[in-house]
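The structure under discussion appears below in the form of structure tokens.
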Amino acid sequence: MTATGRTKEPEYLSTLERGLSVLRAFDKSRPEMQLSEVAAATKLSPAVARRCLNTLVALGYVAKHGRRFLLRPEVLSFGWSYMSSMNFESVAHPHLQALRDETGDSSSMAVLSGHEILYVAHVSTQRHIRLSANVGTRFPVHATSLGRVLVAFQPKPAIDAFLETATLTEFTENTITSKAAMQKRLAKVRRDGFDAAEDELDYGIISVSVPVFNQDRNIACAINCSTSTSRVSIGELVETRLPLLRAAAQKIEAALVQFPYISYSLSGV
């Protein structure tokens, strides 16, 4: 088995997996680390972690300052390669921009990434909220309307696996932390075709989300409108934004038909 729990195959490069795990170990809470910290974060032996780090230093993706390692800007080339090849400027941004312009809300597109959502497109407003989002931002599935939409429209085995393995951390008094309650909520989302959240990931944030399907009618991603609770009630948000979101989702679905490789990338199939 690999570090990700996948069974090794003849074509699987464990060395590449280890190198990528080192890059992913750096984050906001760990912007720089010593060798021992990298080894602990990646569950690699110090010797393997050292070889990975030294290779990444030689390639220009990691810098070494004294005994500490940190990422270099060169790692941004990975994200840029993805964003430039996926043509989101044509497929998603015009429709998210139109949502933002009409509602004054931030609008985003996200995909499922384990037990988190991953933002792949985002159009923001100038309004300040405590939790900001950008392309590459990750949030936990269970505390977001985007996340619940993304899980609710998965095949039943994937939903069952999520409910079995996810940790439902409490962020506010409104966060769903019961797996029975989450199962019930996911069933409702699938029936209704949307989800809304208020004060679940953080206080003062409200959102509504809908699914976007590929040409095989599998969920590819989800889009949302989000704003401050001081601007609108959850009832008004759903009433006024839901028709706009559904119309935008249909336009994005039509664009995905023209660029099928994007939908394959978003859904992973």
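Scheme for the structure tokens: letters A, B, ... for chains in order shown; per-chain residue numbers from 1; ligand numbers from 1 in order shown.
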Can you list every residue in region 115-208 of chain A that DSSP puts in strand (DSSP E), as a PyMOL selection string?
chain A and resi 116-123+138-140+195-198+205-208
With N, CA and C atoms retained, export the selected residues as a PDB file, in the first residue's frame.
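Dumped to out_31.pdb:
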ATOM      1  N   GLU A 116     -12.323  17.516   1.559  1.00  0.00           N
ATOM      2  CA  GLU A 116     -12.311  18.971   1.413  1.00  0.00           C
ATOM      3  C   GLU A 116     -12.859  19.365   0.047  1.00  0.00           C
ATOM      4  N   ILE A 117     -13.234  20.637  -0.065  1.00  0.00           N
ATOM      5  CA  ILE A 117     -13.506  21.214  -1.373  1.00  0.00           C
ATOM      6  C   ILE A 117     -12.289  22.019  -1.783  1.00  0.00           C
ATOM      7  N   LEU A 118     -12.065  22.082  -3.084  1.00  0.00           N
ATOM      8  CA  LEU A 118     -10.921  22.813  -3.636  1.00  0.00           C
ATOM      9  C   LEU A 118     -11.453  23.823  -4.643  1.00  0.00           C
ATOM     10  N   TYR A 119     -11.190  25.108  -4.404  1.00  0.00           N
ATOM     11  CA  TYR A 119     -11.653  26.158  -5.308  1.00  0.00           C
ATOM     12  C   TYR A 119     -10.812  26.153  -6.580  1.00  0.00           C
ATOM     13  N   VAL A 120     -11.486  26.072  -7.734  1.00  0.00           N
ATOM     14  CA  VAL A 120     -10.776  26.122  -9.016  1.00  0.00           C
ATOM     15  C   VAL A 120     -11.090  27.400  -9.783  1.00  0.00           C
ATOM     16  N   ALA A 121     -12.097  28.152  -9.346  1.00  0.00           N
ATOM     17  CA  ALA A 121     -12.398  29.455  -9.937  1.00  0.00           C
ATOM     18  C   ALA A 121     -13.106  30.290  -8.875  1.00  0.00           C
ATOM     19  N   HIS A 122     -12.834  31.601  -8.875  1.00  0.00           N
ATOM     20  CA  HIS A 122     -13.425  32.456  -7.846  1.00  0.00           C
ATOM     21  C   HIS A 122     -13.468  33.897  -8.343  1.00  0.00           C
ATOM     22  N   VAL A 123     -14.622  34.524  -8.174  1.00  0.00           N
ATOM     23  CA  VAL A 123     -14.789  35.949  -8.481  1.00  0.00           C
ATOM     24  C   VAL A 123     -15.287  36.609  -7.203  1.00  0.00           C
ATOM     25  N   ARG A 138      -8.916  25.630   0.227  1.00  0.00           N
ATOM     26  CA  ARG A 138      -9.582  24.394   0.632  1.00  0.00           C
ATOM     27  C   ARG A 138     -10.412  24.653   1.888  1.00  0.00           C
ATOM     28  N   PHE A 139     -11.608  24.087   1.912  1.00  0.00           N
ATOM     29  CA  PHE A 139     -12.451  24.117   3.095  1.00  0.00           C
ATOM     30  C   PHE A 139     -13.014  22.716   3.326  1.00  0.00           C
ATOM     31  N   PRO A 140     -13.378  22.387   4.558  1.00  0.00           N
ATOM     32  CA  PRO A 140     -13.953  21.068   4.830  1.00  0.00           C
ATOM     33  C   PRO A 140     -15.322  20.900   4.186  1.00  0.00           C
ATOM     34  N   ASP A 195     -28.020  23.362  -1.966  1.00  0.00           N
ATOM     35  CA  ASP A 195     -27.839  23.438  -0.513  1.00  0.00           C
ATOM     36  C   ASP A 195     -27.497  24.868  -0.133  1.00  0.00           C
ATOM     37  N   ALA A 196     -27.841  25.241   1.073  1.00  0.00           N
ATOM     38  CA  ALA A 196     -27.511  26.571   1.605  1.00  0.00           C
ATOM     39  C   ALA A 196     -26.896  26.416   2.978  1.00  0.00           C
ATOM     40  N   ALA A 197     -26.029  27.339   3.333  1.00  0.00           N
ATOM     41  CA  ALA A 197     -25.348  27.300   4.627  1.00  0.00           C
ATOM     42  C   ALA A 197     -25.343  28.690   5.244  1.00  0.00           C
ATOM     43  N   GLU A 198     -25.487  28.728   6.561  1.00  0.00           N
ATOM     44  CA  GLU A 198     -25.439  29.994   7.299  1.00  0.00           C
ATOM     45  C   GLU A 198     -24.682  29.779   8.601  1.00  0.00           C
ATOM     46  N   ILE A 205     -21.133  34.255   7.541  1.00  0.00           N
ATOM     47  CA  ILE A 205     -21.018  33.829   6.150  1.00  0.00           C
ATOM     48  C   ILE A 205     -22.253  33.026   5.758  1.00  0.00           C
ATOM     49  N   ILE A 206     -22.806  33.346   4.599  1.00  0.00           N
ATOM     50  CA  ILE A 206     -23.992  32.678   4.090  1.00  0.00           C
ATOM     51  C   ILE A 206     -23.750  32.320   2.630  1.00  0.00           C
ATOM     52  N   SER A 207     -24.264  31.162   2.190  1.00  0.00           N
ATOM     53  CA  SER A 207     -24.014  30.732   0.818  1.00  0.00           C
ATOM     54  C   SER A 207     -25.116  29.805   0.329  1.00  0.00           C
ATOM     55  N   VAL A 208     -25.217  29.696  -0.986  1.00  0.00           N
ATOM     56  CA  VAL A 208     -26.102  28.732  -1.627  1.00  0.00           C
ATOM     57  C   VAL A 208     -25.360  28.160  -2.818  1.00  0.00           C
TER      58      VAL A 208
END
Non-local contacts of Val189 (chain A) (9 Å; only C-alpha atoms; under 5 positions in same chain excluded) as a ChimeraX atom specification:
/A:148-149,152-153,184,194-195
Let's have the selection written as a PDB file, in the first residue's frame, with N, CA and C atoms.
ATOM      1  N   ARG A 148     -21.331  19.924   0.516  1.00  0.00           N
ATOM      2  CA  ARG A 148     -22.468  19.001   0.630  1.00  0.00           C
ATOM      3  C   ARG A 148     -23.087  18.709  -0.733  1.00  0.00           C
ATOM      4  N   VAL A 149     -23.105  19.715  -1.619  1.00  0.00           N
ATOM      5  CA  VAL A 149     -23.593  19.465  -2.979  1.00  0.00           C
ATOM      6  C   VAL A 149     -22.667  18.483  -3.698  1.00  0.00           C
ATOM      7  N   ALA A 152     -23.300  14.994  -2.138  1.00  0.00           N
ATOM      8  CA  ALA A 152     -24.669  14.484  -2.268  1.00  0.00           C
ATOM      9  C   ALA A 152     -24.935  13.849  -3.624  1.00  0.00           C
ATOM     10  N   PHE A 153     -24.252  14.329  -4.671  1.00  0.00           N
ATOM     11  CA  PHE A 153     -24.502  13.809  -6.013  1.00  0.00           C
ATOM     12  C   PHE A 153     -23.463  12.781  -6.455  1.00  0.00           C
ATOM     13  N   LYS A 184     -28.850  12.677   6.564  1.00  0.00           N
ATOM     14  CA  LYS A 184     -30.176  13.224   6.281  1.00  0.00           C
ATOM     15  C   LYS A 184     -30.064  14.479   5.422  1.00  0.00           C
ATOM     16  N   PHE A 194     -29.959  21.549  -4.444  1.00  0.00           N
ATOM     17  CA  PHE A 194     -29.127  22.666  -3.987  1.00  0.00           C
ATOM     18  C   PHE A 194     -28.906  22.523  -2.491  1.00  0.00           C
ATOM     19  N   ASP A 195     -28.020  23.362  -1.966  1.00  0.00           N
ATOM     20  CA  ASP A 195     -27.839  23.438  -0.513  1.00  0.00           C
ATOM     21  C   ASP A 195     -27.497  24.868  -0.133  1.00  0.00           C
TER      22      ASP A 195
END
Could you tell me how far CA of Arg18 (chain A) sits from CA of Val75 (chain A), in Å to one decimal place?
15.8 Å
For Ser178 (chain A), which residue among A:Asp27, A:Glu164, A:Asp192, A:Glu32 is the nearest when counting only C-alpha atoms?
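Closest candidate: A:Glu164.
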Got a sec: who's within 12 Å of region 229-244 of chain A, counting only C-alpha atoms, leaving out chain neighbours fewer than 3 positions off, as a tab-separated table (two decimals) with N, CA and C atoms, in the first residue's frame?
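This went into part_13.tsv:
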chain	number	residue	atom	x	y	z
A	95	HIS	N	-19.55	33.37	-16.47
A	95	HIS	CA	-20.80	33.10	-15.77
A	95	HIS	C	-20.70	33.42	-14.28
A	96	LEU	N	-19.55	33.17	-13.70
A	96	LEU	CA	-19.34	33.55	-12.30
A	96	LEU	C	-19.28	35.07	-12.18
A	97	GLN	N	-18.65	35.71	-13.15
A	97	GLN	CA	-18.59	37.18	-13.15
A	97	GLN	C	-19.99	37.78	-13.27
A	98	ALA	N	-20.82	37.19	-14.12
A	98	ALA	CA	-22.19	37.69	-14.28
A	98	ALA	C	-22.98	37.54	-12.99
A	99	LEU	N	-22.77	36.43	-12.28
A	99	LEU	CA	-23.42	36.24	-10.98
A	99	LEU	C	-22.98	37.30	-10.00
A	100	ARG	N	-21.67	37.54	-9.94
A	100	ARG	CA	-21.15	38.55	-9.02
A	100	ARG	C	-21.71	39.94	-9.35
A	101	ASP	N	-21.75	40.27	-10.65
A	101	ASP	CA	-22.21	41.59	-11.05
A	101	ASP	C	-23.69	41.80	-10.75
A	102	GLU	N	-24.49	40.74	-10.89
A	102	GLU	CA	-25.93	40.89	-10.67
A	102	GLU	C	-26.31	40.85	-9.20
A	103	THR	N	-25.58	40.08	-8.40
A	103	THR	CA	-25.96	39.89	-7.00
A	103	THR	C	-25.12	40.69	-6.01
A	104	GLY	N	-23.89	41.03	-6.40
A	104	GLY	CA	-22.98	41.64	-5.45
A	104	GLY	C	-22.32	40.64	-4.53
A	105	ASP	N	-22.57	39.34	-4.76
A	105	ASP	CA	-21.97	38.27	-3.95
A	105	ASP	C	-20.67	37.79	-4.59
A	106	SER	N	-19.84	37.16	-3.80
A	106	SER	CA	-18.74	36.39	-4.37
A	106	SER	C	-19.32	35.14	-5.02
A	107	SER	N	-18.66	34.66	-6.06
A	107	SER	CA	-19.13	33.45	-6.74
A	107	SER	C	-17.93	32.55	-7.01
A	127	ARG	N	-16.32	43.34	-0.50
A	127	ARG	CA	-16.82	43.24	0.87
A	127	ARG	C	-15.92	42.32	1.69
A	128	HIS	N	-15.65	42.72	2.91
A	128	HIS	CA	-14.73	41.97	3.75
A	128	HIS	C	-15.48	40.93	4.57
A	129	ILE	N	-15.01	39.68	4.51
A	129	ILE	CA	-15.47	38.64	5.42
A	129	ILE	C	-14.25	37.98	6.03
A	145	SER	N	-21.80	24.64	1.87
A	145	SER	CA	-22.85	24.24	0.92
A	145	SER	C	-22.24	23.63	-0.33
A	192	ASP	N	-33.49	18.20	-3.38
A	192	ASP	CA	-33.78	19.59	-3.70
A	192	ASP	C	-32.95	20.15	-4.85
A	193	GLY	N	-31.77	19.56	-5.05
A	193	GLY	CA	-30.89	20.04	-6.11
A	193	GLY	C	-30.05	21.24	-5.74
A	194	PHE	N	-29.96	21.55	-4.44
A	194	PHE	CA	-29.13	22.67	-3.99
A	194	PHE	C	-28.91	22.52	-2.49
A	195	ASP	N	-28.02	23.36	-1.97
A	195	ASP	CA	-27.84	23.44	-0.51
A	195	ASP	C	-27.50	24.87	-0.13
A	196	ALA	N	-27.84	25.24	1.07
A	196	ALA	CA	-27.51	26.57	1.60
A	196	ALA	C	-26.90	26.42	2.98
A	197	ALA	N	-26.03	27.34	3.33
A	197	ALA	CA	-25.35	27.30	4.63
A	197	ALA	C	-25.34	28.69	5.24
A	198	GLU	N	-25.49	28.73	6.56
A	198	GLU	CA	-25.44	29.99	7.30
A	198	GLU	C	-24.68	29.78	8.60
A	199	ASP	N	-23.60	30.53	8.79
A	199	ASP	CA	-22.83	30.48	10.04
A	199	ASP	C	-22.38	29.07	10.38
A	200	GLU	N	-21.93	28.30	9.38
A	200	GLU	CA	-21.50	26.92	9.64
A	200	GLU	C	-19.98	26.77	9.65
A	202	ASP	N	-17.97	29.59	9.54
A	202	ASP	CA	-17.61	30.73	10.37
A	202	ASP	C	-18.85	31.61	10.50
A	203	TYR	N	-18.90	32.40	11.53
A	203	TYR	CA	-20.05	33.29	11.73
A	203	TYR	C	-20.01	34.43	10.72
A	204	GLY	N	-21.19	34.80	10.25
A	204	GLY	CA	-21.30	35.93	9.34
A	204	GLY	C	-21.23	35.56	7.87
A	205	ILE	N	-21.13	34.26	7.54
A	205	ILE	CA	-21.02	33.83	6.15
A	205	ILE	C	-22.25	33.03	5.76
A	206	ILE	N	-22.81	33.35	4.60
A	206	ILE	CA	-23.99	32.68	4.09
A	206	ILE	C	-23.75	32.32	2.63
A	207	SER	N	-24.26	31.16	2.19
A	207	SER	CA	-24.01	30.73	0.82
A	207	SER	C	-25.12	29.81	0.33
A	208	VAL	N	-25.22	29.70	-0.99
A	208	VAL	CA	-26.10	28.73	-1.63
A	208	VAL	C	-25.36	28.16	-2.82
A	209	SER	N	-25.50	26.85	-3.05
A	209	SER	CA	-24.71	26.16	-4.07
A	209	SER	C	-25.57	25.19	-4.87
A	210	VAL	N	-25.15	24.97	-6.13
A	210	VAL	CA	-25.83	24.01	-7.00
A	210	VAL	C	-24.79	23.16	-7.71
A	211	PRO	N	-25.18	21.98	-8.18
A	211	PRO	CA	-24.24	21.12	-8.90
A	211	PRO	C	-24.11	21.52	-10.36
A	223	ILE	N	-21.05	25.23	-8.06
A	223	ILE	CA	-20.85	26.68	-8.02
A	223	ILE	C	-21.72	27.28	-6.92
A	224	ASN	N	-21.32	28.45	-6.44
A	224	ASN	CA	-22.08	29.06	-5.36
A	224	ASN	C	-22.11	30.57	-5.47
A	225	CYS	N	-22.98	31.16	-4.67
A	225	CYS	CA	-22.95	32.58	-4.33
A	225	CYS	C	-22.75	32.64	-2.82
A	226	SER	N	-21.89	33.50	-2.35
A	226	SER	CA	-21.67	33.63	-0.91
A	226	SER	C	-21.52	35.10	-0.56
A	247	ALA	N	-29.27	28.81	-13.71
A	247	ALA	CA	-29.07	29.26	-15.09
A	247	ALA	C	-27.58	29.27	-15.44
A	248	ALA	N	-26.74	29.73	-14.50
A	248	ALA	CA	-25.29	29.74	-14.73
A	248	ALA	C	-24.76	28.32	-14.86
A	249	ALA	N	-25.27	27.41	-14.04
A	249	ALA	CA	-24.83	26.01	-14.10
A	249	ALA	C	-25.15	25.40	-15.46
A	250	GLN	N	-26.31	25.71	-16.01
A	250	GLN	CA	-26.68	25.20	-17.33
A	250	GLN	C	-25.74	25.73	-18.40
A	251	LYS	N	-25.35	26.98	-18.29
A	251	LYS	CA	-24.43	27.56	-19.27
A	251	LYS	C	-23.05	26.92	-19.16
Of the listed residues A:Val48, A:Leu245, A:Leu76, A:Ala255, that which approaches Gly60 (chain A) most closely, counting only C-alpha atoms:
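Nearest to Gly60 (chain A): A:Leu76.
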Residue neighbourhood Ser36 (chain A), 12 Å, only C-alpha atoms, exclusion window fewer than 3 positions, as a PyMOL selection string
chain A and resi 22+32-33+39-50+53+67-69
For the selection just defined, write its residues with C-alpha atoms to a file, as a PDB file, in the first residue's frame.
ATOM      1  CA  VAL A  22       7.045  16.731   0.719  1.00  0.00           C
ATOM      2  CA  GLU A  32       9.213  26.485   6.785  1.00  0.00           C
ATOM      3  CA  MET A  33      10.417  23.278   8.428  1.00  0.00           C
ATOM      4  CA  ALA A  39       9.813  13.704   7.994  1.00  0.00           C
ATOM      5  CA  ALA A  40       7.162  13.818  10.720  1.00  0.00           C
ATOM      6  CA  ALA A  41       4.638  15.649   8.533  1.00  0.00           C
ATOM      7  CA  THR A  42       5.060  13.228   5.626  1.00  0.00           C
ATOM      8  CA  LYS A  43       5.628  10.054   7.689  1.00  0.00           C
ATOM      9  CA  LEU A  44       8.820   9.465   5.700  1.00  0.00           C
ATOM     10  CA  SER A  45      12.105   8.378   7.199  1.00  0.00           C
ATOM     11  CA  PRO A  46      14.601  11.226   7.714  1.00  0.00           C
ATOM     12  CA  ALA A  47      16.875   9.722   5.080  1.00  0.00           C
ATOM     13  CA  VAL A  48      14.117   9.593   2.441  1.00  0.00           C
ATOM     14  CA  ALA A  49      12.842  13.073   3.369  1.00  0.00           C
ATOM     15  CA  ARG A  50      16.398  14.450   3.079  1.00  0.00           C
ATOM     16  CA  LEU A  53      14.292  17.821  -0.143  1.00  0.00           C
ATOM     17  CA  ARG A  67      18.619  24.209   8.734  1.00  0.00           C
ATOM     18  CA  ARG A  68      15.135  25.123   7.521  1.00  0.00           C
ATOM     19  CA  PHE A  69      13.443  24.401   4.210  1.00  0.00           C
TER      20      PHE A  69
END
For the atom pair CA of Ile159 (chain A) and CA of Leu186 (chain A), what is the interatomic distance in Å to one decimal place?
8.6 Å
Measuring between only C-alpha atoms, which one of A:Gly79, A:Pro260, A:Gly19, A:Pro31 shows the shortest distance to Leu59 (chain A)?
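Of the candidates, the smallest distance to Leu59 (chain A) is held by A:Gly19.
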Could you state the separation of CA of Ala180 (chain A) and CA of Leu163 (chain A) in Å, given to one decimal place?
8.7 Å
Find the residue from A:Leu20, A:Cys221, A:Asn174, A:Met109 that sits nearest to Phe78 (chain A); use only C-alpha atoms when measuring.
A:Leu20
Near Asn218 (chain A), within 9 Å and counting only C-alpha atoms, which residues show up once chain neighbours fewer than 5 positions away are dropped, as number ranges by chain?
A: 153-155, 212-213, 267
Could you give me, as a PyMOL selection string, each residue of region 11-220 of chain A that DSSP assigns to helix (DSSP H, G or I) when run on this structure's backbone?
chain A and resi 14-25+35-42+46-59+73-86+88-91+93-103+141-143+145-152+156-165+179-192
